[in-house]
>>> print(open('query.tsv').read())   # TSV, C-alpha atoms and all ligand atoms
chain	number	residue	atom	x	y	z
A	1	MET	CA	-1.97	4.41	7.44
A	2	LYS	CA	-0.19	2.45	4.77
A	3	ILE	CA	1.63	4.10	1.88
A	4	ALA	CA	2.83	2.12	-1.13
A	5	VAL	CA	6.06	3.71	-2.36
A	6	LEU	CA	6.78	3.11	-6.06
A	7	PRO	CA	9.92	5.05	-7.12
A	8	GLY	CA	10.21	3.63	-10.65
A	9	ASP	CA	12.92	4.70	-13.06
A	10	GLY	CA	15.39	7.50	-13.76
A	11	ILE	CA	14.99	10.47	-11.45
A	12	GLY	CA	11.96	8.69	-9.91
A	13	THR	CA	14.21	6.96	-7.35
A	14	GLU	CA	16.07	10.20	-6.51
A	15	ILE	CA	13.03	12.41	-5.96
A	16	VAL	CA	10.93	9.81	-4.12
A	17	ALA	CA	13.81	9.26	-1.67
A	18	GLU	CA	13.56	12.94	-0.72
A	19	ALA	CA	9.77	12.86	-0.39
A	20	VAL	CA	10.07	9.81	1.89
A	21	LYS	CA	12.56	11.68	4.12
A	22	VAL	CA	10.11	14.56	4.36
A	23	LEU	CA	7.25	12.19	5.32
A	24	GLN	CA	9.43	10.50	7.92
A	25	ALA	CA	10.28	13.87	9.46
A	26	LEU	CA	6.61	14.49	10.27
A	27	ASP	CA	6.52	12.06	13.19
A	28	LEU	CA	3.26	10.56	12.04
A	29	SER	CA	2.98	6.79	12.18
A	30	PHE	CA	2.85	5.54	8.61
A	31	GLU	CA	3.76	2.18	7.33
A	32	MET	CA	5.65	2.57	4.04
A	33	GLU	CA	6.33	-0.34	1.73
A	34	SER	CA	8.28	-0.04	-1.53
A	35	ALA	CA	7.95	-2.06	-4.71
A	36	PRO	CA	9.51	-1.92	-8.17
A	37	VAL	CA	7.51	-0.44	-11.04
A	38	GLY	CA	8.19	0.43	-14.69
A	39	GLY	CA	11.54	-0.45	-16.22
A	40	ALA	CA	12.89	-1.41	-12.78
A	41	ALA	CA	10.09	-3.98	-12.42
A	42	TYR	CA	10.62	-5.24	-15.96
A	43	GLU	CA	14.26	-5.90	-15.06
A	44	ALA	CA	13.38	-7.61	-11.78
A	45	HIS	CA	10.18	-9.49	-12.71
A	46	GLY	CA	9.85	-9.31	-16.50
A	47	HIS	CA	6.79	-7.02	-16.28
A	48	PRO	CA	6.42	-3.25	-15.70
A	49	LEU	CA	3.48	-3.74	-13.31
A	50	PRO	CA	3.95	-7.07	-11.51
A	51	GLU	CA	0.93	-8.55	-9.72
A	52	SER	CA	2.66	-8.00	-6.36
A	53	THR	CA	3.18	-4.27	-7.05
A	54	LEU	CA	-0.42	-3.78	-8.18
A	55	LYS	CA	-1.69	-5.61	-5.11
A	56	LEU	CA	0.44	-3.48	-2.78
A	57	ALA	CA	-0.91	-0.32	-4.43
A	58	GLN	CA	-4.52	-1.49	-4.27
A	59	GLN	CA	-4.31	-2.44	-0.60
A	60	ALA	CA	-2.56	0.76	0.50
A	61	ASP	CA	-4.36	3.89	1.69
A	62	ALA	CA	-2.32	5.89	-0.82
A	63	VAL	CA	0.41	5.43	-3.42
A	64	LEU	CA	3.47	7.65	-3.72
A	65	PHE	CA	4.79	7.28	-7.25
A	66	GLY	CA	7.98	8.63	-8.86
A	67	ALA	CA	8.19	8.21	-12.63
A	68	VAL	CA	8.64	5.43	-15.18
A	69	GLY	CA	10.29	5.14	-18.56
A	70	ASP	CA	13.60	5.13	-20.34
A	71	TRP	CA	14.51	5.36	-24.00
A	72	LYS	CA	16.13	1.94	-23.81
A	73	TYR	CA	12.71	0.28	-23.48
A	74	ASP	CA	11.19	2.04	-26.51
A	75	LYS	CA	11.66	-1.02	-28.72
A	76	LEU	CA	9.87	-3.43	-26.38
A	77	GLU	CA	6.38	-4.57	-27.30
A	78	ARG	CA	3.95	-2.00	-25.89
A	79	ALA	CA	2.53	-4.23	-23.14
A	80	LEU	CA	5.99	-4.51	-21.58
A	81	ARG	CA	7.00	-0.86	-21.79
A	82	PRO	CA	7.47	1.03	-18.49
A	83	GLU	CA	4.67	3.52	-19.25
A	84	GLN	CA	2.15	0.65	-19.11
A	85	ALA	CA	2.75	0.52	-15.36
A	86	ILE	CA	1.33	3.97	-14.66
A	87	LEU	CA	-1.47	3.46	-17.20
A	88	GLY	CA	-2.28	0.09	-15.60
A	89	LEU	CA	-2.33	1.54	-12.08
A	90	ARG	CA	-4.70	4.32	-13.18
A	91	LYS	CA	-7.00	1.85	-14.91
A	92	HIS	CA	-6.99	-0.94	-12.31
A	93	MET	CA	-7.45	1.48	-9.41
A	94	GLY	CA	-10.06	3.56	-11.25
A	95	LEU	CA	-8.08	6.79	-10.75
A	96	PHE	CA	-10.19	8.89	-13.07
A	97	ALA	CA	-9.71	12.34	-11.52
A	98	ASN	CA	-6.28	13.88	-11.94
A	99	PHE	CA	-5.60	17.19	-10.16
A	100	ARG	CA	-2.63	19.19	-11.43
A	101	PRO	CA	-2.43	22.51	-9.58
A	102	ALA	CA	-0.16	25.10	-11.21
A	103	ILE	CA	0.88	27.64	-8.61
A	104	CYS	CA	3.55	30.24	-9.20
A	105	TYR	CA	5.36	30.89	-5.92
A	106	PRO	CA	6.44	34.54	-5.66
A	107	GLU	CA	10.10	33.49	-5.33
A	108	LEU	CA	9.97	31.68	-8.68
A	109	VAL	CA	8.45	34.44	-10.78
A	110	GLY	CA	11.89	34.99	-12.31
A	111	ALA	CA	12.49	31.27	-12.96
A	112	SER	CA	9.90	30.95	-15.71
A	113	THR	CA	10.60	31.72	-19.34
A	114	LEU	CA	7.44	33.87	-19.28
A	115	LYS	CA	7.25	37.52	-18.27
A	116	PRO	CA	6.77	38.09	-14.51
A	117	GLU	CA	3.54	40.06	-14.92
A	118	VAL	CA	1.97	37.19	-16.87
A	119	ILE	CA	2.52	34.57	-14.17
A	120	SER	CA	2.90	36.44	-10.89
A	121	GLY	CA	0.19	35.29	-8.46
A	122	LEU	CA	-0.92	32.43	-10.72
A	123	ASP	CA	-2.99	29.71	-9.02
A	124	ILE	CA	-4.92	27.48	-11.42
A	125	LEU	CA	-6.11	23.90	-11.18
A	126	ILE	CA	-6.08	21.58	-14.17
A	127	ILE	CA	-8.45	18.66	-13.76
A	128	ARG	CA	-7.60	15.96	-16.25
A	129	GLU	CA	-9.83	12.93	-16.89
A	130	LEU	CA	-7.40	10.03	-16.52
A	131	THR	CA	-8.94	6.68	-17.43
A	132	GLY	CA	-10.70	7.27	-20.74
A	133	ASP	CA	-10.25	9.02	-24.10
A	134	ILE	CA	-7.87	7.93	-26.85
A	135	TYR	CA	-5.51	6.58	-24.17
A	136	PHE	CA	-7.69	3.56	-23.48
A	137	GLY	CA	-10.18	3.37	-26.37
A	138	GLN	CA	-10.37	0.14	-28.36
A	139	PRO	CA	-9.76	-0.91	-31.06
A	140	ARG	CA	-6.26	0.30	-31.71
A	141	GLY	CA	-3.38	-1.10	-33.65
A	142	ARG	CA	-1.87	-1.48	-37.08
A	143	ARG	CA	-3.45	-2.90	-40.20
A	144	THR	CA	-3.49	-2.62	-43.95
A	145	ALA	CA	-5.84	0.09	-45.13
A	146	ALA	CA	-8.86	-1.09	-47.10
A	147	ASP	CA	-9.91	2.46	-47.96
A	148	GLY	CA	-8.78	6.02	-47.30
A	149	HIS	CA	-6.20	8.07	-49.19
A	150	PHE	CA	-3.90	5.10	-49.77
A	151	PRO	CA	-5.83	1.80	-49.92
A	152	GLY	CA	-3.49	-1.14	-49.38
A	153	ALA	CA	-0.99	0.91	-47.39
A	154	ASP	CA	0.05	0.11	-43.81
A	155	GLU	CA	-1.69	2.31	-41.28
A	156	ALA	CA	-2.11	2.76	-37.53
A	157	PHE	CA	-5.23	3.78	-35.61
A	158	ASP	CA	-6.48	4.57	-32.10
A	159	THR	CA	-10.01	5.10	-30.81
A	160	MET	CA	-11.11	8.28	-29.06
A	161	ARG	CA	-14.18	7.66	-26.92
A	162	TYR	CA	-15.98	8.85	-23.78
A	163	SER	CA	-19.12	7.45	-22.22
A	164	LYS	CA	-21.66	9.75	-20.58
A	165	PRO	CA	-20.95	8.58	-16.98
A	166	GLU	CA	-17.22	9.14	-17.48
A	167	ILE	CA	-17.82	12.76	-18.49
A	168	GLU	CA	-20.47	13.32	-15.82
A	169	ARG	CA	-18.25	12.22	-12.95
A	170	ILE	CA	-15.26	14.36	-13.96
A	171	ALA	CA	-17.58	17.33	-14.54
A	172	HIS	CA	-18.94	16.93	-10.99
A	173	VAL	CA	-15.37	16.84	-9.67
A	174	ALA	CA	-14.58	20.08	-11.52
A	175	PHE	CA	-17.71	21.96	-10.41
A	176	GLN	CA	-17.23	20.85	-6.82
A	177	ALA	CA	-13.58	21.92	-6.88
A	178	ALA	CA	-14.63	25.28	-8.33
A	179	ARG	CA	-17.05	25.83	-5.45
A	180	LYS	CA	-14.06	25.80	-3.09
A	181	ARG	CA	-12.19	28.28	-5.30
A	182	SER	CA	-13.36	31.18	-7.44
A	183	LYS	CA	-16.41	29.38	-8.88
A	184	LYS	CA	-15.32	29.31	-12.49
A	185	VAL	CA	-14.75	26.28	-14.71
A	186	THR	CA	-13.28	26.29	-18.21
A	187	SER	CA	-14.10	23.08	-20.06
A	188	VAL	CA	-11.58	22.47	-22.83
A	189	ASP	CA	-12.68	20.52	-25.90
A	190	LYS	CA	-12.40	20.18	-29.65
A	191	ALA	CA	-16.15	20.15	-30.32
A	192	ASN	CA	-15.67	21.97	-33.62
A	193	VAL	CA	-14.06	18.86	-35.10
A	194	LEU	CA	-14.47	15.79	-32.89
A	195	GLU	CA	-17.71	13.91	-32.12
A	196	THR	CA	-16.23	12.75	-28.80
A	197	PHE	CA	-15.69	16.32	-27.70
A	198	GLN	CA	-19.05	17.66	-28.90
A	199	PHE	CA	-20.50	14.99	-26.62
A	200	TRP	CA	-18.09	16.09	-23.87
A	201	LYS	CA	-19.31	19.67	-24.21
A	202	ASP	CA	-22.99	18.64	-24.21
A	203	VAL	CA	-22.62	16.48	-21.10
A	204	VAL	CA	-20.58	19.08	-19.18
A	205	THR	CA	-23.29	21.65	-20.01
A	206	GLU	CA	-25.99	19.29	-18.73
A	207	VAL	CA	-24.16	18.64	-15.44
A	208	HIS	CA	-23.60	22.38	-15.06
A	209	ALA	CA	-27.37	22.84	-14.54
A	210	GLN	CA	-26.82	21.40	-11.04
A	211	TYR	CA	-24.24	24.11	-10.25
A	212	PRO	CA	-25.91	27.44	-11.03
A	213	ASP	CA	-23.51	29.20	-8.64
A	214	VAL	CA	-20.51	28.18	-10.80
A	215	GLU	CA	-19.67	29.94	-14.06
A	216	LEU	CA	-18.97	27.60	-16.97
A	217	GLU	CA	-16.97	28.60	-20.03
A	218	HIS	CA	-16.12	26.37	-23.01
A	219	MET	CA	-12.89	26.74	-24.94
A	220	TYR	CA	-11.32	24.89	-27.85
A	221	VAL	CA	-8.06	23.22	-26.97
A	222	ASP	CA	-5.96	25.10	-29.51
A	223	ASN	CA	-7.17	28.42	-28.14
A	224	ALA	CA	-6.66	27.16	-24.56
A	225	ALA	CA	-3.04	26.31	-25.36
A	226	MET	CA	-2.56	29.87	-26.60
A	227	GLN	CA	-4.48	31.56	-23.74
A	228	LEU	CA	-2.44	29.60	-21.17
A	229	VAL	CA	0.69	31.52	-22.14
A	230	ARG	CA	-1.08	34.77	-23.12
A	231	ALA	CA	-3.20	35.34	-20.00
A	232	PRO	CA	-3.09	32.26	-17.72
A	233	LYS	CA	-4.58	34.09	-14.75
A	234	LYS	CA	-7.92	34.28	-16.58
A	235	PHE	CA	-8.31	30.56	-15.83
A	236	ASP	CA	-9.23	29.05	-12.49
A	237	VAL	CA	-10.40	25.44	-12.79
A	238	VAL	CA	-9.75	23.85	-16.18
A	239	VAL	CA	-11.40	20.50	-16.90
A	240	THR	CA	-10.52	18.44	-19.92
A	241	GLY	CA	-9.99	14.98	-21.36
A	242	ASN	CA	-7.05	12.67	-20.90
A	243	MET	CA	-4.89	13.66	-23.87
A	244	PHE	CA	-5.58	17.40	-23.88
A	245	GLY	CA	-4.96	17.41	-20.11
A	246	ASP	CA	-1.63	15.67	-20.57
A	247	ILE	CA	-0.43	18.30	-23.00
A	248	LEU	CA	-1.89	21.39	-21.32
A	249	SER	CA	-0.53	20.43	-17.91
A	250	ASP	CA	3.04	20.20	-19.20
A	251	GLU	CA	2.51	23.59	-20.80
A	252	ALA	CA	1.11	24.98	-17.55
A	253	SER	CA	4.10	23.69	-15.61
A	254	MET	CA	6.25	26.40	-17.17
A	255	LEU	CA	3.92	29.00	-15.66
A	256	THR	CA	5.20	27.84	-12.26
A	257	GLY	CA	8.86	28.11	-13.24
A	258	SER	CA	9.58	24.46	-14.03
A	259	ILE	CA	7.96	21.11	-14.57
A	260	GLY	CA	9.89	20.11	-11.46
A	261	MET	CA	7.37	22.17	-9.45
A	262	LEU	CA	4.09	20.58	-10.65
A	263	PRO	CA	2.59	17.97	-8.30
A	264	SER	CA	-0.43	15.79	-8.99
A	265	ALA	CA	-3.08	13.73	-7.31
A	266	SER	CA	-5.07	11.00	-9.07
A	267	LEU	CA	-8.18	9.93	-7.19
A	268	ASN	CA	-10.81	7.25	-7.58
A	269	ALA	CA	-14.42	7.25	-6.43
A	270	SER	CA	-13.46	6.19	-2.89
A	271	ASN	CA	-10.77	8.87	-2.52
A	272	GLN	CA	-7.98	6.36	-2.73
A	273	GLY	CA	-5.20	8.14	-4.52
A	274	LEU	CA	-1.92	7.95	-6.36
A	275	TYR	CA	0.40	10.92	-5.99
A	276	GLU	CA	3.15	11.69	-8.46
A	277	PRO	CA	4.95	14.63	-10.01
A	278	SER	CA	3.51	15.59	-13.40
A	279	HIS	CA	6.87	15.08	-15.08
A	280	GLY	CA	8.58	11.90	-16.21
A	281	SER	CA	11.77	9.99	-15.43
A	282	ALA	CA	13.99	12.62	-17.13
A	283	PRO	CA	16.62	10.19	-18.45
A	284	ASP	CA	18.69	13.20	-19.60
A	285	ILE	CA	19.47	14.19	-16.00
A	286	ALA	CA	18.96	10.86	-14.16
A	287	GLY	CA	21.75	9.79	-11.83
A	288	LYS	CA	23.25	13.25	-11.65
A	289	GLY	CA	21.61	14.31	-8.39
A	290	VAL	CA	20.23	17.52	-9.92
A	291	ALA	CA	16.51	16.76	-10.35
A	292	ASN	CA	14.07	19.03	-8.57
A	293	PRO	CA	12.31	16.96	-5.84
A	294	LEU	CA	9.73	19.65	-4.98
A	295	ALA	CA	6.97	18.39	-7.31
A	296	THR	CA	7.21	15.01	-5.58
A	297	ILE	CA	7.40	16.53	-2.10
A	298	LEU	CA	4.34	18.68	-2.92
A	299	SER	CA	2.60	15.54	-4.22
A	300	ALA	CA	3.25	13.92	-0.83
A	301	ALA	CA	1.54	16.95	0.75
A	302	MET	CA	-1.47	16.40	-1.52
A	303	MET	CA	-1.48	12.76	-0.41
A	304	LEU	CA	-1.66	13.78	3.24
A	305	ARG	CA	-4.52	16.16	2.52
A	306	PHE	CA	-6.65	14.09	0.14
A	307	SER	CA	-6.13	10.47	1.14
A	308	LEU	CA	-4.71	10.40	4.66
A	309	ASN	CA	-6.79	13.09	6.37
A	310	GLN	CA	-3.69	14.94	7.61
A	311	ALA	CA	-4.36	18.47	6.36
A	312	GLN	CA	-2.15	20.04	9.01
A	313	ALA	CA	0.84	17.95	8.01
A	314	ALA	CA	0.18	18.88	4.37
A	315	ASP	CA	0.17	22.58	5.33
A	316	ARG	CA	3.47	22.10	7.14
A	317	ILE	CA	5.13	20.57	4.07
A	318	GLU	CA	3.87	23.34	1.81
A	319	ALA	CA	5.09	25.97	4.26
A	320	ALA	CA	8.50	24.25	4.40
A	321	VAL	CA	8.75	24.30	0.59
A	322	LYS	CA	7.95	28.02	0.60
A	323	ALA	CA	10.57	28.54	3.30
A	324	VAL	CA	13.39	26.88	1.33
A	325	LEU	CA	12.47	28.92	-1.73
A	326	ALA	CA	12.54	32.07	0.41
A	327	GLN	CA	16.01	31.01	1.61
A	328	GLY	CA	17.09	31.20	-2.03
A	329	LEU	CA	17.77	27.49	-2.57
A	330	ARG	CA	17.25	26.35	-6.17
A	331	THR	CA	17.83	23.20	-8.17
A	332	PRO	CA	19.26	23.98	-11.65
A	333	ASP	CA	15.83	23.96	-13.38
A	334	ILE	CA	14.65	26.94	-11.26
A	335	HIS	CA	18.01	28.59	-10.68
A	336	SER	CA	18.45	32.27	-11.55
A	337	GLU	CA	21.03	34.90	-10.75
A	338	GLY	CA	21.37	35.70	-7.07
A	339	THR	CA	20.06	32.35	-5.81
A	340	THR	CA	21.95	29.33	-4.47
A	341	LYS	CA	22.19	26.26	-6.69
A	342	VAL	CA	21.65	22.98	-4.84
A	343	GLY	CA	21.20	19.32	-5.78
A	344	THR	CA	18.27	16.95	-5.20
A	345	ALA	CA	19.41	15.69	-1.80
A	346	GLU	CA	20.35	19.15	-0.50
A	347	MET	CA	16.92	20.45	-1.50
A	348	GLY	CA	15.22	17.51	0.27
A	349	ALA	CA	17.36	18.04	3.38
A	350	ALA	CA	16.51	21.74	3.41
A	351	VAL	CA	12.77	20.96	3.35
A	352	VAL	CA	13.25	18.51	6.24
A	353	LYS	CA	15.14	21.17	8.19
A	354	ALA	CA	12.49	23.79	7.49
A	355	LEU	CA	9.83	21.35	8.77
A	356	ARG	CA	11.62	21.08	12.08
A	401	LIG	P1	10.23	14.29	-18.72
A	401	LIG	O1	9.16	14.96	-17.96
A	401	LIG	O2	10.84	13.10	-18.09
A	401	LIG	O3	11.39	15.37	-19.02
A	401	LIG	C1	11.17	16.52	-19.82
A	401	LIG	C2	12.27	17.57	-19.53
A	401	LIG	O4	12.02	18.11	-18.23
A	401	LIG	C3	13.67	16.98	-19.50
A	401	LIG	O5	14.58	17.93	-20.02
A	401	LIG	C4	13.93	16.77	-18.01
A	401	LIG	O6	15.30	16.83	-17.65
A	401	LIG	C5	13.14	17.91	-17.38
A	401	LIG	N1	12.64	17.53	-16.05
A	401	LIG	C6	11.62	16.69	-15.77
A	401	LIG	N2	11.47	16.56	-14.46
A	401	LIG	C7	12.40	17.34	-13.87
A	401	LIG	C8	12.74	17.62	-12.51
A	401	LIG	N3	12.09	17.07	-11.47
A	401	LIG	N4	13.77	18.47	-12.27
A	401	LIG	C9	14.42	19.04	-13.29
A	401	LIG	N5	14.16	18.82	-14.60
A	401	LIG	C10	13.14	17.97	-14.88
A	401	LIG	O7	9.64	13.95	-20.15
A	401	LIG	P2	10.30	13.14	-21.39
A	401	LIG	O8	11.73	13.44	-21.46
A	401	LIG	O9	9.43	13.40	-22.53
A	401	LIG	O10	10.09	11.61	-20.99
A	401	LIG	C11	11.07	10.82	-20.34
A	401	LIG	C12	10.49	9.47	-19.95
A	401	LIG	O11	9.54	9.66	-18.91
A	401	LIG	C13	9.71	8.77	-21.08
A	401	LIG	O12	9.99	7.39	-21.01
A	401	LIG	C14	8.27	9.07	-20.77
A	401	LIG	O13	7.39	8.13	-21.29
A	401	LIG	C15	8.29	9.04	-19.27
A	401	LIG	N6	7.24	9.79	-18.59
A	401	LIG	C16	6.71	9.21	-17.48
A	401	LIG	C17	5.75	9.85	-16.71
A	401	LIG	C18	5.19	9.17	-15.52
A	401	LIG	O14	5.80	8.27	-15.00
A	401	LIG	N7	4.02	9.56	-15.02
A	401	LIG	C19	5.37	11.16	-17.06
A	401	LIG	C20	5.93	11.76	-18.23
A	401	LIG	C21	6.88	11.06	-18.97
A	402	LIG	C1	1.87	11.82	-17.48
A	402	LIG	C2	2.67	11.02	-18.50
A	402	LIG	C3	1.91	9.75	-18.86
A	402	LIG	C4	0.62	10.16	-19.56
A	402	LIG	C5	2.66	8.72	-19.71
A	402	LIG	C6	4.01	8.38	-19.15
A	402	LIG	C7	1.86	7.47	-19.86
A	402	LIG	O1	2.98	11.80	-19.62
A	402	LIG	O2	1.59	11.29	-16.41
A	402	LIG	O3	1.56	12.99	-17.75
A	402	LIG	O4	0.63	10.41	-20.79
A	402	LIG	O5	-0.39	10.24	-18.88
A	403	MN	MN	2.47	13.90	-19.38
>>> encode(input="query.tsv", output="structure tokens", more="lines below")
Ligand code: NAD
Ligand code: IPM
Ligand code: MN
Amino acid sequence: MKIAVLPGDGIGTEIVAEAVKVLQALDLSFEMESAPVGGAAYEAHGHPLPESTLKLAQQADAVLFGAVGDWKYDKLERALRPEQAILGLRKHMGLFANFRPAICYPELVGASTLKPEVISGLDILIIRELTGDIYFGQPRGRRTAADGHFPGADEAFDTMRYSKPEIERIAHVAFQAARKRSKKVTSVDKANVLETFQFWKDVVTEVHAQYPDVELEHMYVDNAAMQLVRAPKKFDVVVTGNMFGDILSDEASMLTGSIGMLPSASLNASNQGLYEPSHGSAPDIAGKGVANPLATILSAAMMLRFSLNQAQAADRIEAAVKAVLAQGLRTPDIHSEGTTKVGTAEMGAAVVKALR
């Protein structure tokens, strides 16, 4: 089993180091090979996703990814910005199905900014389409407007688009996931305004005919954003497009206590996967040793389960994470009165100890 390890930038290097220690403590025989990605790769090779890094990722059985990005690269031309690395990996590897499970562990009910009764027992799964939508649609760019409100003015534009097969395959993923859970899918769209999302809704409805045992509900994205904080437990599987999924999953992370708790898996049609926390490189806390490594450690567990056929090892990691939370250990993002504040490395070490 070969794992490509791409730590990236900011807290990416700190949290991936802890996930690697946890994987090494399992006594399974992996081969792990690291490569630079994002700003780190731009510094080393002049490109955020060098050919050698992409090749390593494509040839591996799974990719463990940290995060990319830093404000200091915001002025670079877009093709050279760190974020292009993760977008490029998703596109080149065909990682269209992004799973972002939001689970509120009982110990963290008090860590969220939401009321305990709203989030206690929460276990929802956001399935985000990851290789289409306005993220990748062409054309895009800047031009001088020929028409519109201000003809002759500078303007910018992007293209929102989805093809039928792209919607069909993510809908199948959602209905199949729902069959293993409580058999309910909420498809989130903006069909009341956008052609792309009326089509989304139509295609999801058509695919649903093959899953009569699964309940399908449609919801507009603005309402979904509101319902997620009003009554999140009414959701089970949520399926949506690339941009809505990006936004709703960050919102959902606070239902778990912190964005530092939200893992993710991005899979392609052959179950090859990239595993990363749902958060970014957090430049505001990078280098301070305080980032929460649990989202990354839980992503490594998802990697074992989905791509490496090691469900037992995945269970062990998840149990170890629960154990350290039960011990009262907390990084600052999930710290509350009466618990013990620890740093990134201490948290990683505690998970390793709990594994043993
Ligand atoms: P962010 O997710 O990096 O941080 C948002 C807030 O959450 C910050 O206050 C940060 O300190 C906190 N946070 C995030 N992860 C944490 C953790 N593990 N433990 C404790 N606190 C944590 O989002 P941002 O600040 O909007 O973006 C920063 C950079 O990251 C940007 O360059 C952005 O493009 C990039 N980004 C990358 C990815 C990715 O690599 N997949 C994802 C999101 C953002
Ligand atoms: C995420 C991030 C990325 C996205 C960025 C960094 C390209 O926010 O993984 O959620 O928008 O998909
Ligand atoms: Mn995001």
>>> residues_near_ligand(input="query.tsv", ligand="ligand LIG 402 (chain A)", cutoff="7 Å", atoms="only C-alpha atoms and all ligand atoms", output="JSON, numbers by chain")
{"A": [68, 83, 84, 86, 87, 246, 278, 279, 280]}
>>> residues_near_point(input="query.tsv", point="(13.3, 14.9, -13.7)", cutoff="10 Å", atoms="only C-alpha atoms", output="PyMOL selection string")
chain A and resi 10-12+14-15+66-67+259-260+277-286+289-293+295+333
>>> residues_around(input="query.tsv", residues="region 72-81 of chain A", least_positions_apart="6", cutoff="9 Å", atoms="all atoms listed in the file", output="list in words")
Gly38, Gly39, Tyr42, Gly46, His47, Pro48 and Leu49 of chain A
>>> residues_around(input="query.tsv", residues="Leu23 (chain A)", least_positions_apart="5", cutoff="10 Å", atoms="all atoms listed in the file", output="list of chain:residue names")
A:Glu18, A:Leu28, A:Ser29, A:Phe30, A:Met32, A:Ile297, A:Ala300, A:Ala301, A:Leu304, A:Ala313, A:Ala314, A:Ile317, A:Val352
>>> closest_residue(input="query.tsv", among="A:Ala354, A:Leu54, A:Leu108, A:Ile247", to="ligand MN 403 (chain A)", atoms="only C-alpha atoms and all ligand atoms")
A:Ile247
>>> closest_residue(input="query.tsv", among="A:Ser253, A:Gly245, A:Val188, A:Gln198", to="Asp222 (chain A)", atoms="all atoms listed in the file")
A:Val188
>>> closest_residue(input="query.tsv", among="A:Leu6, A:Leu26, A:Val229, A:Val237", to="ligand LIG 401 (chain A)", atoms="all atoms listed in the file")
A:Leu6
>>> closest_residue(input="query.tsv", among="A:Ser266, A:Gln227, A:Thr339, A:Gln327", to="ligand LIG 401 (chain A)", atoms="all atoms listed in the file")
A:Ser266
>>> atom_distance(input="query.tsv", atom1="CA of Glu276 (chain A)", atom2="atom C21 of ligand LIG 401 (chain A)")
11.2 Å
>>> closest_residue(input="query.tsv", among="A:Asp189, A:Pro106, A:Phe244, A:Arg143", to="Ala323 (chain A)", atoms="all atoms listed in the file")
A:Pro106
>>> atom_distance(input="query.tsv", atom1="CA of Gly343 (chain A)", atom2="atom O1 of ligand LIG 401 (chain A)")
17.7 Å
>>> closest_residue(input="query.tsv", among="A:Val37, A:Ile170, A:Leu274, A:Val193", to="Asn242 (chain A)", atoms="all atoms listed in the file")
A:Ile170
>>> atom_distance(input="query.tsv", atom1="atom C3 of ligand LIG 401 (chain A)", atom2="CA of Thr331 (chain A)")
13.6 Å
>>> residues_near_point(input="query.tsv", point="(-12.3, 16.9, -16.0)", cutoff="6 Å", atoms="all atoms listed in the file", output="PyMOL selection string")
chain A and resi 127-129+170-171+174+239-240
>>> residues_around(input="query.tsv", residues="Gln210 (chain A)", least_positions_apart="5", cutoff="12 Å", atoms="only C-alpha atoms", output="PyMOL selection string")
chain A and resi 168+171-172+175-176+203-205+215-216
>>> residues_around(input="query.tsv", residues="Trp200 (chain A)", least_positions_apart="6", cutoff="9 Å", atoms="all atoms listed in the file", output="ChimeraX atom specification")
/A:162-164,167-168,187,189,191,240-241
>>> build_atoms(input="query.tsv", residues="region 84-91 of chain A", atoms="N, CA, C and O atoms", output="PDB file, in the frame of the given file")
ATOM      1  N   GLN A  84       3.356   1.440 -19.361  1.00  0.00           N
ATOM      2  CA  GLN A  84       2.150   0.650 -19.110  1.00  0.00           C
ATOM      3  C   GLN A  84       1.887   0.495 -17.623  1.00  0.00           C
ATOM      4  O   GLN A  84       0.753   0.231 -17.206  1.00  0.00           O
ATOM      5  N   ALA A  85       2.928   0.667 -16.811  1.00  0.00           N
ATOM      6  CA  ALA A  85       2.750   0.520 -15.360  1.00  0.00           C
ATOM      7  C   ALA A  85       1.857   1.636 -14.818  1.00  0.00           C
ATOM      8  O   ALA A  85       0.904   1.373 -14.073  1.00  0.00           O
ATOM      9  N   ILE A  86       2.144   2.873 -15.201  1.00  0.00           N
ATOM     10  CA  ILE A  86       1.330   3.970 -14.660  1.00  0.00           C
ATOM     11  C   ILE A  86      -0.074   3.934 -15.275  1.00  0.00           C
ATOM     12  O   ILE A  86      -1.073   4.167 -14.594  1.00  0.00           O
ATOM     13  N   LEU A  87      -0.156   3.571 -16.562  1.00  0.00           N
ATOM     14  CA  LEU A  87      -1.470   3.460 -17.200  1.00  0.00           C
ATOM     15  C   LEU A  87      -2.281   2.341 -16.534  1.00  0.00           C
ATOM     16  O   LEU A  87      -3.484   2.494 -16.271  1.00  0.00           O
ATOM     17  N   GLY A  88      -1.617   1.235 -16.236  1.00  0.00           N
ATOM     18  CA  GLY A  88      -2.280   0.090 -15.600  1.00  0.00           C
ATOM     19  C   GLY A  88      -2.756   0.426 -14.185  1.00  0.00           C
ATOM     20  O   GLY A  88      -3.866   0.060 -13.784  1.00  0.00           O
ATOM     21  N   LEU A  89      -1.921   1.142 -13.437  1.00  0.00           N
ATOM     22  CA  LEU A  89      -2.330   1.540 -12.080  1.00  0.00           C
ATOM     23  C   LEU A  89      -3.561   2.432 -12.128  1.00  0.00           C
ATOM     24  O   LEU A  89      -4.514   2.262 -11.364  1.00  0.00           O
ATOM     25  N   ARG A  90      -3.543   3.407 -13.054  1.00  0.00           N
ATOM     26  CA  ARG A  90      -4.700   4.320 -13.180  1.00  0.00           C
ATOM     27  C   ARG A  90      -5.957   3.534 -13.514  1.00  0.00           C
ATOM     28  O   ARG A  90      -7.025   3.751 -12.937  1.00  0.00           O
ATOM     29  N   LYS A  91      -5.831   2.614 -14.469  1.00  0.00           N
ATOM     30  CA  LYS A  91      -7.000   1.850 -14.910  1.00  0.00           C
ATOM     31  C   LYS A  91      -7.498   0.898 -13.827  1.00  0.00           C
ATOM     32  O   LYS A  91      -8.679   0.901 -13.479  1.00  0.00           O
TER      33      LYS A  91
END
